[in-house]
$ cat model.cif   # mmCIF, C-alpha atoms
data_protein
#
loop_
_atom_site.label_atom_id
_atom_site.label_comp_id
_atom_site.auth_asym_id
_atom_site.auth_seq_id
_atom_site.Cartn_x
_atom_site.Cartn_y
_atom_site.Cartn_z
CA MET A 1 20.79 6.32 17.35
CA LYS A 2 24.01 7.87 16.13
CA THR A 3 25.09 11.47 16.48
CA ARG A 4 24.13 13.98 13.76
CA ASP A 5 24.65 12.32 10.40
CA PRO A 6 24.76 14.02 7.00
CA ILE A 7 21.20 13.28 5.89
CA SER A 8 18.64 11.13 7.68
CA VAL A 9 17.42 7.90 6.10
CA GLU A 10 13.87 9.11 6.71
CA LEU A 11 14.44 12.25 4.64
CA VAL A 12 15.95 10.31 1.72
CA ILE A 13 13.05 7.83 1.64
CA SER A 14 10.48 10.59 2.07
CA GLU A 15 11.88 12.63 -0.83
CA ILE A 16 12.01 9.61 -3.17
CA LEU A 17 8.37 8.80 -2.38
CA ARG A 18 7.29 12.42 -2.69
CA TRP A 19 8.86 12.98 -6.10
CA GLY A 20 7.88 9.55 -7.41
CA VAL A 21 4.24 10.29 -6.60
CA ARG A 22 4.37 13.88 -7.86
CA VAL A 23 5.87 13.03 -11.24
CA SER A 24 3.57 10.04 -11.77
CA LEU A 25 0.52 12.10 -10.79
CA GLY A 26 1.58 14.76 -13.31
CA LEU A 27 2.05 12.18 -16.07
CA ILE A 28 -1.28 10.46 -15.34
CA LEU A 29 -3.17 13.80 -15.37
CA LEU A 30 -1.42 14.93 -18.55
CA GLY A 31 -2.04 11.57 -20.22
CA THR A 32 -5.73 11.57 -19.26
CA ALA A 33 -6.13 15.13 -20.56
CA LEU A 34 -4.44 14.17 -23.84
CA CYS A 35 -6.69 11.10 -24.19
CA PHE A 36 -9.81 13.20 -23.86
CA LEU A 37 -8.76 16.38 -25.67
CA ARG A 38 -6.21 15.52 -28.30
CA CYS A 39 -6.22 11.83 -29.18
CA ASN A 40 -9.94 11.12 -28.75
CA ASP A 41 -9.03 7.70 -27.33
CA TYR A 42 -12.08 7.93 -25.09
CA GLY A 43 -14.43 9.28 -27.78
CA VAL A 44 -15.13 12.83 -28.90
CA ASN A 45 -16.16 15.53 -26.38
CA GLY A 46 -16.12 13.26 -23.33
CA GLY A 47 -17.47 10.32 -25.33
CA THR A 48 -20.77 8.46 -25.44
CA PRO A 49 -22.16 5.58 -23.36
CA GLU A 50 -21.14 3.26 -26.22
CA ASP A 51 -17.56 4.48 -25.96
CA LEU A 52 -17.62 3.71 -22.22
CA HIS A 53 -19.03 0.26 -22.82
CA ALA A 54 -16.23 -0.50 -25.26
CA LEU A 55 -13.65 0.70 -22.73
CA ILE A 56 -14.72 -1.24 -19.63
CA ALA A 57 -17.21 -3.99 -20.23
CA ASN A 58 -15.39 -6.37 -22.56
CA GLY A 59 -12.76 -7.42 -20.02
CA ALA A 60 -10.10 -7.22 -22.72
CA SER A 61 -6.51 -7.20 -21.63
CA PHE A 62 -4.23 -4.30 -22.32
CA PRO A 63 -1.05 -5.84 -23.65
CA ARG A 64 1.46 -3.22 -24.65
CA THR A 65 5.13 -3.45 -25.48
CA LEU A 66 7.99 -1.18 -24.52
CA GLY A 67 8.28 -0.23 -28.18
CA TRP A 68 4.66 0.97 -28.12
CA LEU A 69 5.42 2.99 -24.97
CA TRP A 70 8.52 4.67 -26.40
CA SER A 71 7.05 5.64 -29.75
CA GLY A 72 3.86 6.76 -27.99
CA LEU A 73 5.79 8.97 -25.58
CA PHE A 74 7.62 10.72 -28.40
CA ALA A 75 4.35 11.18 -30.30
CA LEU A 76 2.77 12.48 -27.04
CA ARG A 77 0.00 9.89 -27.22
CA GLY A 78 -2.29 10.17 -24.21
CA GLN A 79 -2.33 6.49 -23.28
CA ALA A 80 1.45 6.18 -23.52
CA VAL A 81 2.00 9.19 -21.21
CA LEU A 82 -0.58 7.77 -18.81
CA VAL A 83 0.96 4.28 -18.78
CA ALA A 84 4.41 5.82 -18.15
CA GLY A 85 2.89 7.55 -15.12
CA LEU A 86 1.34 4.31 -13.82
CA LEU A 87 4.63 2.45 -14.32
CA LEU A 88 6.56 5.10 -12.40
CA LEU A 89 3.93 4.95 -9.65
CA ILE A 90 4.31 1.20 -9.16
CA SER A 91 8.12 1.47 -9.35
CA THR A 92 8.25 4.08 -6.58
CA PRO A 93 8.22 1.59 -3.64
CA VAL A 94 11.06 -0.35 -5.27
CA LEU A 95 13.00 2.91 -5.73
CA ARG A 96 12.59 3.67 -2.03
CA VAL A 97 14.00 0.26 -1.08
CA MET A 98 17.02 0.98 -3.29
CA ALA A 99 17.31 4.45 -1.72
CA ALA A 100 17.21 2.84 1.73
CA ILE A 101 20.13 0.56 0.83
CA VAL A 102 22.18 3.63 -0.16
CA ALA A 103 21.06 5.74 2.82
CA PHE A 104 21.80 3.03 5.39
CA SER A 105 25.22 2.49 3.76
CA ILE A 106 26.02 6.19 4.17
CA HIS A 107 25.17 5.78 7.86
CA ARG A 108 27.33 2.62 8.01
CA ASP A 109 24.35 0.80 9.49
CA ARG A 110 25.35 -2.70 8.39
CA ALA A 111 22.39 -4.56 9.83
CA TYR A 112 19.91 -2.42 7.92
CA VAL A 113 21.93 -2.41 4.70
CA GLY A 114 21.59 -6.20 4.90
CA ILE A 115 17.87 -6.05 5.73
CA SER A 116 17.14 -3.59 2.89
CA LEU A 117 19.17 -5.69 0.45
CA LEU A 118 17.24 -8.78 1.51
CA VAL A 119 13.93 -6.97 0.91
CA PHE A 120 15.14 -5.92 -2.53
CA LEU A 121 16.20 -9.46 -3.47
CA LEU A 122 12.90 -10.92 -2.22
CA VAL A 123 10.92 -8.37 -4.25
CA VAL A 124 12.91 -9.23 -7.38
CA THR A 125 12.33 -12.96 -6.71
CA ALA A 126 8.60 -12.43 -6.16
CA PHE A 127 8.34 -10.49 -9.40
CA ALA A 128 10.29 -13.12 -11.35
CA LEU A 129 8.02 -15.86 -9.96
CA GLY A 130 4.86 -13.89 -10.73
CA ALA A 131 5.98 -13.04 -14.25
CA ALA A 132 6.88 -16.64 -15.06
CA MET B 133 -22.72 7.53 -18.55
CA THR B 134 -19.88 8.71 -20.77
CA PRO B 135 -16.15 8.01 -20.36
CA LEU B 136 -15.74 11.53 -18.94
CA ASP B 137 -18.46 10.93 -16.31
CA PHE B 138 -16.88 7.58 -15.46
CA THR B 139 -13.45 9.16 -14.98
CA LEU B 140 -14.78 11.88 -12.68
CA ILE B 141 -17.00 9.58 -10.59
CA VAL B 142 -14.28 6.95 -10.15
CA ALA B 143 -11.76 9.64 -9.15
CA LEU B 144 -14.19 10.97 -6.51
CA ILE B 145 -14.93 7.53 -5.04
CA SER B 146 -11.20 6.82 -4.98
CA VAL B 147 -10.57 9.93 -2.86
CA SER B 148 -12.51 8.27 -0.04
CA ALA B 149 -10.62 5.00 -0.56
CA GLY B 150 -7.29 6.85 -0.30
CA LEU B 151 -8.45 8.75 2.76
CA LEU B 152 -9.52 5.61 4.63
CA GLY B 153 -6.55 3.57 3.46
CA SER B 154 -3.99 6.16 4.55
CA LEU B 155 -5.56 6.45 8.02
CA VAL B 156 -5.74 2.77 8.87
CA GLY B 157 -2.81 1.44 6.84
CA VAL B 158 -4.64 -1.19 4.79
CA GLY B 159 -4.72 0.30 1.30
CA GLY B 160 -8.14 0.95 -0.18
CA GLY B 161 -9.17 -2.26 -1.89
CA ILE B 162 -12.20 -2.67 0.39
CA ILE B 163 -13.79 0.34 -1.31
CA VAL B 164 -12.26 0.27 -4.79
CA VAL B 165 -13.15 -3.28 -5.86
CA PRO B 166 -16.87 -3.23 -4.92
CA ALA B 167 -17.29 0.33 -6.21
CA LEU B 168 -15.79 -0.51 -9.59
CA THR B 169 -17.53 -3.84 -10.09
CA LEU B 170 -20.96 -3.30 -8.49
CA LEU B 171 -21.43 0.42 -9.15
CA MET B 172 -19.51 1.07 -12.33
CA GLY B 173 -19.78 -2.28 -14.12
CA VAL B 174 -16.04 -2.82 -14.51
CA ASP B 175 -14.73 -6.31 -15.22
CA ILE B 176 -13.48 -7.97 -11.97
CA ARG B 177 -9.97 -8.53 -13.38
CA HIS B 178 -9.57 -4.84 -14.20
CA ALA B 179 -11.06 -3.86 -10.84
CA ILE B 180 -8.64 -6.02 -8.85
CA ALA B 181 -5.67 -4.78 -10.88
CA ALA B 182 -6.77 -1.16 -10.37
CA SER B 183 -7.16 -1.75 -6.62
CA ILE B 184 -3.59 -3.08 -6.37
CA VAL B 185 -2.39 0.08 -8.13
CA ALA B 186 -4.50 1.98 -5.57
CA VAL B 187 -2.69 0.27 -2.68
CA VAL B 188 0.68 1.31 -4.13
CA ALA B 189 -0.59 4.88 -4.58
CA THR B 190 -2.01 5.09 -1.04
CA SER B 191 1.18 3.74 0.45
CA SER B 192 3.60 6.02 -1.39
CA ALA B 193 1.48 9.19 -1.21
CA ALA B 194 0.86 8.94 2.54
CA ALA B 195 4.24 7.47 3.48
CA SER B 196 6.18 10.46 2.16
CA SER B 197 4.58 12.48 4.98
CA TYR B 198 4.54 9.75 7.65
CA VAL B 199 8.21 8.88 7.11
CA ARG B 200 9.27 12.52 7.25
CA GLU B 201 7.30 13.10 10.46
CA ARG B 202 8.76 9.84 11.82
CA ILE B 203 5.32 8.41 12.56
CA THR B 204 6.42 5.50 10.36
CA ASN B 205 9.02 3.34 12.12
CA ILE B 206 11.13 2.55 9.05
CA ARG B 207 13.30 0.07 10.94
CA VAL B 208 10.31 -2.01 12.01
CA GLY B 209 8.92 -1.54 8.49
CA MET B 210 12.01 -2.78 6.66
CA LEU B 211 12.51 -5.64 9.11
CA LEU B 212 8.94 -6.91 8.80
CA GLU B 213 9.09 -6.46 5.01
CA THR B 214 11.63 -9.29 4.88
CA ALA B 215 8.99 -11.51 6.53
CA THR B 216 6.02 -10.33 4.43
CA ALA B 217 7.96 -10.53 1.16
CA SER B 218 9.12 -14.09 1.83
CA GLY B 219 5.60 -14.96 2.99
CA ALA B 220 4.17 -13.57 -0.25
CA ILE B 221 6.54 -15.79 -2.24
CA CYS B 222 5.44 -18.86 -0.23
CA GLY B 223 1.82 -17.84 -0.74
CA ALA B 224 2.27 -17.55 -4.49
CA LEU B 225 3.92 -20.98 -4.58
CA LEU B 226 1.12 -22.49 -2.48
CA ALA B 227 -1.63 -21.04 -4.68
CA GLY B 228 -3.68 -23.85 -6.15
CA VAL B 229 -2.48 -26.30 -3.48
CA VAL B 230 -4.66 -25.00 -0.64
CA SER B 231 -8.39 -24.33 -0.91
CA THR B 232 -8.98 -20.57 -0.99
CA ARG B 233 -12.48 -21.13 0.37
CA PHE B 234 -11.05 -22.69 3.50
CA LEU B 235 -8.56 -19.81 3.79
CA TYR B 236 -11.26 -17.16 3.48
CA ALA B 237 -13.22 -18.89 6.25
CA LEU B 238 -10.13 -19.26 8.45
CA PHE B 239 -9.03 -15.64 8.04
CA GLY B 240 -12.57 -14.40 8.44
CA ILE B 241 -12.54 -16.01 11.89
CA ILE B 242 -9.05 -14.73 12.78
CA ILE B 243 -9.99 -11.19 11.74
CA THR B 244 -13.23 -11.29 13.72
CA TRP B 245 -11.25 -12.30 16.82
CA THR B 246 -8.71 -9.51 16.15
CA ALA B 247 -11.49 -6.93 15.73
CA LEU B 248 -12.96 -7.92 19.10
CA ARG B 249 -9.57 -7.69 20.81
CA MET B 250 -8.83 -4.29 19.31
CA ALA B 251 -12.28 -2.93 20.10
CA ARG B 252 -11.62 -3.63 23.79
CA LYS B 253 -8.02 -2.49 24.02
CA LYS B 254 -7.35 1.19 24.55
CA SER B 255 -4.37 2.80 22.87
CA GLY B 256 -1.30 3.52 24.99
CA GLU B 257 -1.67 0.78 27.58
CA ALA B 258 1.51 -0.90 26.54
CA HIS B 259 3.60 -0.57 29.70
CA ASP B 260 3.64 -4.22 30.67
CA LEU B 261 5.56 -5.44 27.62
CA PRO B 262 8.34 -7.99 28.09
CA PRO B 263 11.85 -6.76 27.24
CA ASP B 264 13.04 -7.90 23.83
CA ALA B 265 16.76 -8.32 23.14
CA LEU B 266 16.23 -8.53 19.38
CA ALA B 267 14.41 -5.18 19.36
CA ASP B 268 17.26 -3.67 21.40
CA ARG B 269 19.89 -4.97 19.01
CA LEU B 270 18.03 -3.77 15.92
CA GLN B 271 17.34 -0.35 17.51
CA LEU B 272 13.59 -0.58 16.96
CA HIS B 273 12.64 1.68 19.89
CA THR B 274 11.93 5.24 18.89
CA SER B 275 9.57 8.18 19.37
CA PHE B 276 7.41 10.49 17.30
CA TYR B 277 5.67 13.78 17.85
CA ASP B 278 1.92 13.27 18.35
CA ARG B 279 0.06 16.41 17.30
CA SER B 280 -3.16 15.37 19.09
CA LEU B 281 -1.29 15.01 22.40
CA LYS B 282 1.08 17.90 21.61
CA SER B 283 4.00 15.89 22.90
CA GLU B 284 6.75 13.51 21.87
CA VAL B 285 5.62 9.89 22.32
CA PRO B 286 8.52 7.54 23.06
CA TYR B 287 7.80 3.85 22.82
CA ARG B 288 9.62 0.54 23.13
CA VAL B 289 9.09 -2.32 20.72
CA SER B 290 8.57 -5.82 22.06
CA ARG B 291 7.86 -9.35 20.74
CA THR B 292 9.79 -8.80 17.50
CA LYS B 293 9.70 -12.52 16.70
CA LEU B 294 5.92 -12.59 16.97
CA GLY B 295 5.84 -9.60 14.60
CA LEU B 296 8.03 -11.44 12.10
CA ALA B 297 5.87 -14.57 12.30
CA VAL B 298 2.59 -12.71 11.80
CA GLY B 299 4.23 -10.55 9.10
CA TRP B 300 5.18 -13.74 7.29
CA LEU B 301 1.63 -15.03 7.63
CA ALA B 302 0.27 -11.71 6.33
CA GLY B 303 2.54 -12.16 3.30
CA VAL B 304 1.25 -15.71 2.72
CA VAL B 305 -2.35 -14.48 2.89
CA SER B 306 -1.74 -11.62 0.46
CA GLY B 307 0.15 -13.98 -1.86
CA LEU B 308 -2.71 -16.49 -1.81
CA LEU B 309 -5.78 -14.29 -1.68
CA GLY B 310 -4.37 -11.07 -3.12
CA VAL B 311 -5.80 -9.11 -0.17
CA GLY B 312 -5.49 -8.52 3.50
CA GLY B 313 -1.81 -7.82 4.19
CA GLY B 314 -2.32 -4.70 6.28
CA ILE B 315 -5.24 -6.18 8.14
CA LEU B 316 -2.92 -8.51 10.08
CA LYS B 317 0.09 -6.17 10.28
CA VAL B 318 -1.60 -3.30 12.11
CA PRO B 319 -2.95 -5.45 15.00
CA VAL B 320 0.32 -7.32 15.54
CA MET B 321 2.31 -4.08 15.68
CA ASN B 322 -0.25 -2.42 17.93
CA ILE B 323 -1.35 -5.14 20.38
CA GLY B 324 1.56 -7.56 19.86
CA MET B 325 4.67 -5.43 19.56
CA GLY B 326 3.36 -2.54 21.66
CA MET B 327 3.57 0.24 19.07
CA PRO B 328 1.13 3.16 19.36
CA ILE B 329 -1.75 2.79 16.90
CA LYS B 330 -0.59 5.73 14.78
CA ALA B 331 2.89 4.27 14.42
CA ALA B 332 1.33 0.88 13.63
CA THR B 333 -0.97 2.14 10.85
CA ALA B 334 1.69 4.45 9.39
CA THR B 335 4.27 1.63 9.38
CA SER B 336 1.79 -0.83 7.85
CA ASN B 337 0.93 1.80 5.23
CA PHE B 338 4.65 2.13 4.43
CA MET B 339 5.05 -1.66 4.09
CA ILE B 340 2.04 -2.56 1.94
CA GLY B 341 3.37 -0.52 -0.99
CA ILE B 342 6.22 -2.88 -1.72
CA THR B 343 4.13 -6.08 -1.74
CA ALA B 344 1.46 -4.37 -3.83
CA ALA B 345 4.06 -3.00 -6.25
CA THR B 346 5.20 -6.54 -7.05
CA GLY B 347 1.61 -7.62 -7.59
CA ALA B 348 0.84 -4.56 -9.72
CA ALA B 349 3.87 -5.21 -11.94
CA VAL B 350 2.71 -8.79 -12.53
CA TYR B 351 -0.85 -7.62 -13.34
CA PHE B 352 0.64 -5.04 -15.70
CA MET B 353 2.56 -7.68 -17.61
CA ARG B 354 -0.54 -9.85 -17.88
CA GLY B 355 -2.44 -6.92 -19.38
CA ASP B 356 -4.95 -6.69 -16.51
CA VAL B 357 -4.19 -3.04 -15.73
CA GLN B 358 -6.62 -1.12 -17.92
CA PRO B 359 -5.22 2.45 -17.98
CA PHE B 360 -8.65 3.98 -18.51
CA VAL B 361 -9.80 2.46 -15.17
CA ALA B 362 -6.53 2.61 -13.24
CA ALA B 363 -5.77 6.28 -14.00
CA PRO B 364 -8.73 7.94 -12.22
CA VAL B 365 -8.36 5.43 -9.36
CA ALA B 366 -4.69 6.39 -8.92
CA VAL B 367 -5.37 10.13 -9.09
CA GLY B 368 -8.27 9.99 -6.61
CA VAL B 369 -6.40 7.74 -4.20
CA ILE B 370 -3.31 9.99 -4.22
CA VAL B 371 -5.45 13.05 -3.40
CA GLY B 372 -7.33 11.16 -0.67
CA SER B 373 -4.13 9.81 0.87
CA LYS B 374 -2.59 13.27 1.00
CA ILE B 375 -5.67 14.50 2.90
CA GLY B 376 -5.53 11.46 5.21
CA ALA B 377 -1.83 11.99 5.89
CA ARG B 378 -2.58 15.53 7.05
CA LEU B 379 -5.44 14.35 9.29
CA LEU B 380 -3.76 11.38 10.99
CA GLY B 381 -1.29 13.38 13.11
CA GLY B 382 -4.08 15.43 14.72
CA MET B 383 -6.48 12.56 15.32
CA LYS B 384 -6.85 10.72 18.63
CA GLY B 385 -5.29 7.28 18.73
CA ARG B 386 -8.52 5.75 19.99
CA THR B 387 -10.48 7.19 17.02
CA ILE B 388 -8.07 5.60 14.55
CA GLN B 389 -8.29 2.34 16.43
CA LEU B 390 -12.09 2.33 16.19
CA VAL B 391 -12.03 3.21 12.47
CA PHE B 392 -9.65 0.29 12.04
CA VAL B 393 -12.01 -2.03 13.94
CA GLY B 394 -14.76 -0.95 11.51
CA VAL B 395 -12.54 -1.82 8.53
CA LEU B 396 -11.74 -5.18 10.15
CA ALA B 397 -15.44 -5.91 10.57
CA ILE B 398 -16.12 -5.23 6.88
CA ALA B 399 -13.13 -7.33 5.81
CA ALA B 400 -14.19 -10.16 8.14
CA ALA B 401 -17.72 -10.10 6.73
CA GLN B 402 -16.40 -10.19 3.13
CA MET B 403 -14.06 -13.09 3.93
CA LEU B 404 -16.59 -15.12 5.91
CA TRP B 405 -19.12 -14.66 3.13
CA ARG B 406 -16.66 -15.90 0.51
CA GLY B 407 -15.56 -18.74 2.77
CA PHE B 408 -18.94 -20.12 3.73
CA THR B 409 -21.32 -19.29 0.90
CA GLN B 410 -19.42 -19.46 -2.39
#
$ encode --input "model.cif" --output "structure tokens"
Amino acid sequence: MKTRDPISVELVISEILRWGVRVSLGLILLGTALCFLRCNDYGVNGGTPEDLHALIANGASFPRTLGWLWSGLFALRGQAVLVAGLLLLISTPVLRVMAAIVAFSIHRDRAYVGISLLVFLLVVTAFALGAA
Amino acid sequence: MTPLDFTLIVALISVSAGLLGSLVGVGGGIIVVPALTLLMGVDIRHAIAASIVAVVATSSAAASSYVRERITNIRVGMLLETATASGAICGALLAGVVSTRFLYALFGIIITWTALRMARKKSGEAHDLPPDALADRLQLHTSFYDRSLKSEVPYRVSRTKLGLAVGWLAGVVSGLLGVGGGILKVPVMNIGMGMPIKAATATSNFMIGITAATGAAVYFMRGDVQPFVAAPVAVGVIVGSKIGARLLGGMKGRTIQLVFVGVLAIAAAQMLWRGFTQ
């Protein structure tokens, strides 16, 4: 352990995780509320059993493009807001790895800058393999 | 049942998944997948995708507290992540080459053995650990404040290479079967590397988020993440994890260890069943 450094790595990582989760939770709640109240994506007034069946039982995929997300966000469409929240949520762990690279660099902790970088590269590789 | 009922019920069930997952560091897939498929009639693809999102949510929501309180050992976490991430890549490449049935049977047996070992071992008996030069060099030894003991708990980390090897294996398993990463990480950190159980579950909880995030992104691109299902799961799990993160510090190490043994038993039963009957 070094002597008192400007800001601890733990605090940086903790704050990134905290705000990532807070903002995504807010977006998911807002999006869900919009789906039910404004857009009627899930049927009118909470929907009917038929609406539910259509939503879950068919096993259909949910392919959406970035264009759909952007235009939906500007139009304040419930599902677009919600999907933005989910995307931020699953990006949060990657953001904290990037934050760790920066935080360990500030502390001049070379070994852990290297380790964090390696984690980041492996995650990118895993994603590229999975997407292909 | 209407979509509104579905949303509320799924959110409530997910609170318990987040609570359990944040305490034992294994995500919450053990609850989410059966609840969604058996109880709520959700398609298995959507249920698995939602459970991966749930693991990310559990990890991030609880880790913000655990990291700040230094219960999570971020150095051990980042170091073992290199092993789990490369293991996950190997697992993904091996998929289709090895029989998953055989793997379920094999890991069912390994997990049963681990559960028995952990059920016998009491927390905080780790004074006879061999010195480990690698752990010294990487500054893995640390301490955290244990609220149940009302004192600072210093500990030394040992057998780093064993941790890396099992971490790699845990990555392979999660890459091949899509489940079970945390289930191997917690025992190796606790009984292998000599970390207190709280530090082991909090560090595992920190680590599983990154592997799950990769998986979730891939599921997203394939269109398996159905927002209507994933949203209430994510919300419930975040709330549950926040509650769990507040509880963990005050709980006795032995209690957490026994809860973990219970989770291992369920996971072992699920895996053995898939391995030997399907």
$ closest_residue --input "model.cif" --among "B:Val320, B:Ala251, B:Leu144, B:Ala348" --to "chain A" --atoms "only C-alpha atoms"
B:Ala348
$ interface_residues --input "model.cif" --of "chain A" --to "chain B" --cutoff "8 Å" --atoms "only C-alpha atoms" --output "PyMOL selection string"
chain A and resi 1+10-11+13-18+21+25+28-29+32+36+42-43+46-52+55-59+61-64+79+82-83+86+89-94+111-112+115-116+118-119+122-123+125-127+129-131
$ atom_distance --input "model.cif" --atom1 "CA of Gly72 (chain A)" --atom2 "CA of Ala84 (chain A)"
9.9 Å
$ atom_distance --input "model.cif" --atom1 "CA of Leu168 (chain B)" --atom2 "CA of Ser154 (chain B)"
19.6 Å
$ resolve_selection --input "model.cif" --expression "the PyMOL selection byres ((chain B and resi 325-332) around 9)" --output "ChimeraX atom specification"
/B:155-157,198,202-205,255-259,261,276,278,285,287-292,294-295,317-324,333-337,380-381,384-386,388-389
$ closest_residue --input "model.cif" --among "A:Leu121, A:Ala128, A:Ile106, A:Leu88" --to "Trp19 (chain A)" --atoms "all atoms listed in the file"
A:Leu88
$ resolve_selection --input "model.cif" --expression "the PyMOL selection byres ((chain B and resi 233) around 9)" --output "PyMOL selection string"
chain B and resi 230-232+234-238+403+406-408+410
$ residues_near_point --input "model.cif" --point "(5.1, 4.8, -23.9)" --cutoff "7 Å" --atoms "all atoms listed in the file" --output "CSV table (one decimal) with C-alpha atoms, in the coordinates of the input"
chain,number,residue,atom,x,y,z
A,66,LEU,CA,8.0,-1.2,-24.5
A,68,TRP,CA,4.7,1.0,-28.1
A,69,LEU,CA,5.4,3.0,-25.0
A,70,TRP,CA,8.5,4.7,-26.4
A,71,SER,CA,7.0,5.6,-29.8
A,72,GLY,CA,3.9,6.8,-28.0
A,73,LEU,CA,5.8,9.0,-25.6
A,80,ALA,CA,1.4,6.2,-23.5
A,81,VAL,CA,2.0,9.2,-21.2
A,83,VAL,CA,1.0,4.3,-18.8
A,84,ALA,CA,4.4,5.8,-18.2
$ atom_distance --input "model.cif" --atom1 "CA of Thr244 (chain B)" --atom2 "CA of Trp405 (chain B)"
12.6 Å
$ closest_residue --input "model.cif" --among "B:Val229, B:Val158, B:Leu390, B:Gln402" --to "Leu308 (chain B)" --atoms "all atoms listed in the file"
B:Val229
$ build_atoms --input "model.cif" --residues "region 322-327 of chain B" --atoms "all heavy atoms" --output "PDB file, in the coordinates of the input"
ATOM      1  N   ASN B 322       0.408  -3.163  16.863  1.00  0.00           N
ATOM      2  CA  ASN B 322      -0.250  -2.420  17.930  1.00  0.00           C
ATOM      3  C   ASN B 322      -0.395  -3.265  19.200  1.00  0.00           C
ATOM      4  O   ASN B 322       0.192  -2.931  20.237  1.00  0.00           O
ATOM      5  CB  ASN B 322      -1.615  -1.932  17.429  1.00  0.00           C
ATOM      6  CG  ASN B 322      -2.366  -1.078  18.450  1.00  0.00           C
ATOM      7  OD1 ASN B 322      -3.567  -1.185  18.585  1.00  0.00           O
ATOM      8  ND2 ASN B 322      -1.659  -0.220  19.173  1.00  0.00           N
ATOM      9  N   ILE B 323      -1.133  -4.393  19.136  1.00  0.00           N
ATOM     10  CA  ILE B 323      -1.350  -5.140  20.380  1.00  0.00           C
ATOM     11  C   ILE B 323      -0.251  -6.151  20.657  1.00  0.00           C
ATOM     12  O   ILE B 323      -0.012  -6.504  21.797  1.00  0.00           O
ATOM     13  CB  ILE B 323      -2.758  -5.801  20.462  1.00  0.00           C
ATOM     14  CG1 ILE B 323      -3.121  -6.537  19.185  1.00  0.00           C
ATOM     15  CG2 ILE B 323      -3.821  -4.807  20.785  1.00  0.00           C
ATOM     16  CD1 ILE B 323      -4.534  -7.095  19.192  1.00  0.00           C
ATOM     17  N   GLY B 324       0.482  -6.601  19.635  1.00  0.00           N
ATOM     18  CA  GLY B 324       1.560  -7.560  19.860  1.00  0.00           C
ATOM     19  C   GLY B 324       2.869  -6.898  20.236  1.00  0.00           C
ATOM     20  O   GLY B 324       3.444  -7.176  21.283  1.00  0.00           O
ATOM     21  N   MET B 325       3.334  -6.000  19.371  1.00  0.00           N
ATOM     22  CA  MET B 325       4.670  -5.430  19.560  1.00  0.00           C
ATOM     23  C   MET B 325       4.657  -4.153  20.409  1.00  0.00           C
ATOM     24  O   MET B 325       5.715  -3.615  20.719  1.00  0.00           O
ATOM     25  CB  MET B 325       5.300  -5.147  18.196  1.00  0.00           C
ATOM     26  CG  MET B 325       5.465  -6.404  17.347  1.00  0.00           C
ATOM     27  SD  MET B 325       5.964  -6.046  15.637  1.00  0.00           S
ATOM     28  CE  MET B 325       7.685  -5.615  15.864  1.00  0.00           C
ATOM     29  N   GLY B 326       3.458  -3.674  20.749  1.00  0.00           N
ATOM     30  CA  GLY B 326       3.360  -2.540  21.660  1.00  0.00           C
ATOM     31  C   GLY B 326       3.573  -1.180  21.025  1.00  0.00           C
ATOM     32  O   GLY B 326       3.854  -0.203  21.718  1.00  0.00           O
ATOM     33  N   MET B 327       3.424  -1.077  19.708  1.00  0.00           N
ATOM     34  CA  MET B 327       3.570   0.240  19.070  1.00  0.00           C
ATOM     35  C   MET B 327       2.277   1.017  19.185  1.00  0.00           C
ATOM     36  O   MET B 327       1.188   0.451  19.100  1.00  0.00           O
ATOM     37  CB  MET B 327       3.950   0.067  17.590  1.00  0.00           C
ATOM     38  CG  MET B 327       5.359  -0.486  17.400  1.00  0.00           C
ATOM     39  SD  MET B 327       5.667  -1.072  15.721  1.00  0.00           S
ATOM     40  CE  MET B 327       5.542   0.442  14.790  1.00  0.00           C
TER      41      MET B 327
END
